[in-house]
Amino acid sequence: MKKHTKYFLQSFLVAAFALGLSLTPGYGATASSQVVPPKQKAFEMSYGEWSARWWQFVFGLPEANNPLADPTGAQCTMGQWGPVIFLMGTTGGGPVVRSCTIPGRKGLLIPIVNFGGAVPEDGPTPADVTSVAAGAADLIDVSTLSVAIDGIAARNLEKYRFRSPVFSFTGSSPNIFSASCGTPPCYEGFHEQAVADGYWVLLNPLPAGKHTIHFHGEVPDWGFVVDVTYHLKVLP
C-alpha cells in the first residue's frame, strides 16, 4: 500500500456509535429501536448512500472550521443541514471530548472507522480506488471497536460495514486533507469519482435530552487509536 494511503486513512478514523445493535440487558426497547438495520433505508437513502454524503460534506468544508478536527465540539453544527446530522471522529492524536447541542428530530450518521479515496489521488480508476479503500478497511481490527451510550455497551459492530457507491465531490481549497497524500494539494476542487468503505451506524432521531457517547477503535498495523466522547444535548 502506498505511503500516502496510510496517512490518508489515518486522517479518516472516526467516531463509533452503535446504539441498540445488541445492547446489554436493561437499556430498553426505545433505545434499541433507534438504530436503522443494515439493509434498511432511512431518510430515503441506504447506508452506503449516506456514507457518500458524509464524505461530500467533510471534503467540502474549509480546513479552518472542519468539525473533524474540532477538539471541543464548538464546530459540530458547522455546515449541517438536511434530515441527518453527521458526527465526527478525529484526525489522530489523543482522546477527544466534545460537547454539542443538536436539533431534535434529526437522524445521526456516525462513522465508526472508515476510509475514503478518490481518482486520481488513490488510483487511476474507480475500481482501483475501491480496491484501495477495501484493503484499508480490512486493516481495521473489529475486535477493538467498542461503544457505550449512556454507559450501556453495544455489540455486533462487525455487521455494519458498508461501501459507498461511486460519488463525486467538490473539495474546499484548502480542505482538511489537502496535504494528506504524496503530491499535495489533494482532494481540492471537483472530483468526479470517489469511494468510501468502513463501519457506519445510522440512527433515527434520539429523544430530547442529554446523551453521552463513548467510542474506541484501532488499526493495529499502523499503531492508530481513536478514542472520542460526545456529550450531546438533543433539543426538543
# chains A, B, ... in the order shown; residues from 1 in each chain; ligands from 1
$ residues_around --residues "His214 in chain A" --least-positions-apart "4" --cutoff "10 Å" --atoms "only C-alpha atoms" --output "list of chain:residue names"
A:Ala15, A:Ala16, A:Phe17, A:Val96, A:Val97, A:Ser146, A:Val147, A:Ala148, A:Ile149, A:Asp150, A:Gly151, A:Ile152, A:Ala153, A:Asp227, A:Val228, A:Thr229, A:Tyr230, A:His231
$ closest_atom_pairs --of "range 102-197 of chain A" --to "range 34-50 of chain A" --cutoff "9 Å" --atoms "only C-alpha atoms" --output "JSON lines"
{"residue": "A:Gly107", "atom": "CA", "partner": "A:Phe43", "partner_atom": "CA", "distance": 8.1}
{"residue": "A:Leu109", "atom": "CA", "partner": "A:Trp50", "partner_atom": "CA", "distance": 7.7}
{"residue": "A:Lys159", "atom": "CA", "partner": "A:Pro38", "partner_atom": "CA", "distance": 7.5}
{"residue": "A:Tyr160", "atom": "CA", "partner": "A:Pro38", "partner_atom": "CA", "distance": 6.3}
{"residue": "A:Arg161", "atom": "CA", "partner": "A:Pro38", "partner_atom": "CA", "distance": 8.6}
{"residue": "A:Phe162", "atom": "CA", "partner": "A:Gly48", "partner_atom": "CA", "distance": 5.7}
{"residue": "A:Arg163", "atom": "CA", "partner": "A:Gly48", "partner_atom": "CA", "distance": 5.4}
{"residue": "A:Ser164", "atom": "CA", "partner": "A:Gly48", "partner_atom": "CA", "distance": 4.1}
{"residue": "A:Pro165", "atom": "CA", "partner": "A:Gly48", "partner_atom": "CA", "distance": 6.4}
{"residue": "A:Phe167", "atom": "CA", "partner": "A:Glu49", "partner_atom": "CA", "distance": 8.8}
{"residue": "A:Ala196", "atom": "CA", "partner": "A:Gly48", "partner_atom": "CA", "distance": 8.3}
{"residue": "A:Asp197", "atom": "CA", "partner": "A:Gly48", "partner_atom": "CA", "distance": 8.5}
$ closest_atom_pairs --of "range 86-158 of chain A" --to "range 198-209 of chain A" --cutoff "9 Å" --atoms "only C-alpha atoms" --output "CSV"
residue,atom,partner,partner_atom,distance
A:Pro103,CA,A:Ala208,CA,8.9
A:Gly104,CA,A:Ala208,CA,6.4
A:Arg105,CA,A:Pro205,CA,5.0
A:Lys106,CA,A:Pro205,CA,4.9
A:Gly107,CA,A:Pro205,CA,4.6
A:Leu108,CA,A:Leu203,CA,5.0
A:Leu109,CA,A:Leu202,CA,4.6
A:Ile110,CA,A:Val201,CA,5.3
A:Pro111,CA,A:Trp200,CA,4.3
A:Ile112,CA,A:Tyr199,CA,5.1
A:Val113,CA,A:Tyr199,CA,5.4
A:Asn114,CA,A:Gly198,CA,3.9
A:Phe115,CA,A:Gly198,CA,6.1
A:Gly116,CA,A:Gly198,CA,8.6
A:Ala133,CA,A:Gly198,CA,8.3
A:Ala134,CA,A:Gly198,CA,7.9
A:Ala136,CA,A:Gly198,CA,8.7
A:Ala137,CA,A:Gly198,CA,5.5
A:Asp138,CA,A:Gly198,CA,8.5
A:Ile140,CA,A:Gly198,CA,8.5
A:Leu157,CA,A:Tyr199,CA,7.8
A:Glu158,CA,A:Tyr199,CA,7.7
$ closest_atom_pairs --of "range 67-125 of chain A" --to "range 169-187 of chain A" --cutoff "12 Å" --atoms "only C-alpha atoms" --output "CSV"
residue,atom,partner,partner_atom,distance
A:Pro67,CA,A:Ile176,CA,9.8
A:Leu68,CA,A:Ile176,CA,8.3
A:Ala69,CA,A:Ile176,CA,7.9
A:Asp70,CA,A:Ile176,CA,11.1
A:Thr90,CA,A:Ile176,CA,11.3
A:Thr91,CA,A:Ile176,CA,9.2
A:Gly116,CA,A:Tyr187,CA,10.7
A:Gly117,CA,A:Tyr187,CA,8.9
A:Ala118,CA,A:Tyr187,CA,7.5
A:Val119,CA,A:Tyr187,CA,9.0
A:Pro120,CA,A:Tyr187,CA,9.0
A:Glu121,CA,A:Cys186,CA,6.9
A:Asp122,CA,A:Cys181,CA,8.5
A:Gly123,CA,A:Cys181,CA,11.8
$ residues_around --residues "Val219 in chain A" --least-positions-apart "3" --cutoff "8 Å" --atoms "only C-alpha atoms" --output "list in words"
Leu139, Ile140, Asp141, Trp222, Gly223, Phe224 and Val225 of chain A
$ atom_distance --atom1 "CA of His211 in chain A" --atom2 "CA of Asn65 in chain A"
24.3 Å
$ select_by_dssp --residues "range 52-168 of chain A" --states "alpha helix (DSSP H)" --output "VMD selection string"
chain A and resid 52 to 60 126 to 138
$ closest_residue --among "A:Arg53, A:Thr72, A:Gly60, A:Val129" --to "Ile85 in chain A" --atoms "only C-alpha atoms"
A:Arg53
$ residues_around --residues "Gln75 in chain A" --least-positions-apart "4" --cutoff "12 Å" --atoms "only C-alpha atoms" --output "PyMOL selection string"
chain A and resi 61-71+79-80+86-88+98-102
$ select_by_dssp --residues "range 161-198 of chain A" --states "strand (DSSP E)" --output "list of chain:residue names"
A:Arg161, A:Phe162, A:Arg163, A:Phe167, A:Ser168, A:Phe169, A:Thr170, A:Gly171, A:Gly189, A:Phe190, A:His191, A:Glu192, A:Gln193, A:Ala194, A:Val195, A:Ala196, A:Asp197, A:Gly198
$ write_last_selection --atoms "C-alpha atoms" --output "mmCIF file, in the first residue's frame"
data_model
loop_
_atom_site.group_PDB
_atom_site.id
_atom_site.type_symbol
_atom_site.label_atom_id
_atom_site.label_comp_id
_atom_site.auth_asym_id
_atom_site.auth_seq_id
_atom_site.Cartn_x
_atom_site.Cartn_y
_atom_site.Cartn_z
ATOM 1 C CA ARG A 161 -19.565 -2.322 7.355
ATOM 2 C CA PHE A 162 -20.679 -0.562 4.160
ATOM 3 C CA ARG A 163 -19.209 0.548 0.857
ATOM 4 C CA PHE A 167 -19.737 9.544 -5.859
ATOM 5 C CA SER A 168 -18.489 12.998 -6.830
ATOM 6 C CA PHE A 169 -17.476 15.859 -4.567
ATOM 7 C CA THR A 170 -16.068 19.367 -4.661
ATOM 8 C CA GLY A 171 -13.218 19.725 -2.199
ATOM 9 C CA GLY A 189 -11.797 21.120 -6.452
ATOM 10 C CA PHE A 190 -14.210 18.921 -8.370
ATOM 11 C CA HIS A 191 -13.634 15.149 -8.299
ATOM 12 C CA GLU A 192 -15.952 13.014 -10.380
ATOM 13 C CA GLN A 193 -15.129 9.623 -8.827
ATOM 14 C CA ALA A 194 -14.613 8.682 -5.184
ATOM 15 C CA VAL A 195 -15.393 5.689 -2.930
ATOM 16 C CA ALA A 196 -15.697 5.105 0.830
ATOM 17 C CA ASP A 197 -15.549 1.860 2.815
ATOM 18 C CA GLY A 198 -15.846 1.169 6.521
#
$ atom_distance --atom1 "CA of Gly93 in chain A" --atom2 "CA of Gly217 in chain A"
13.0 Å
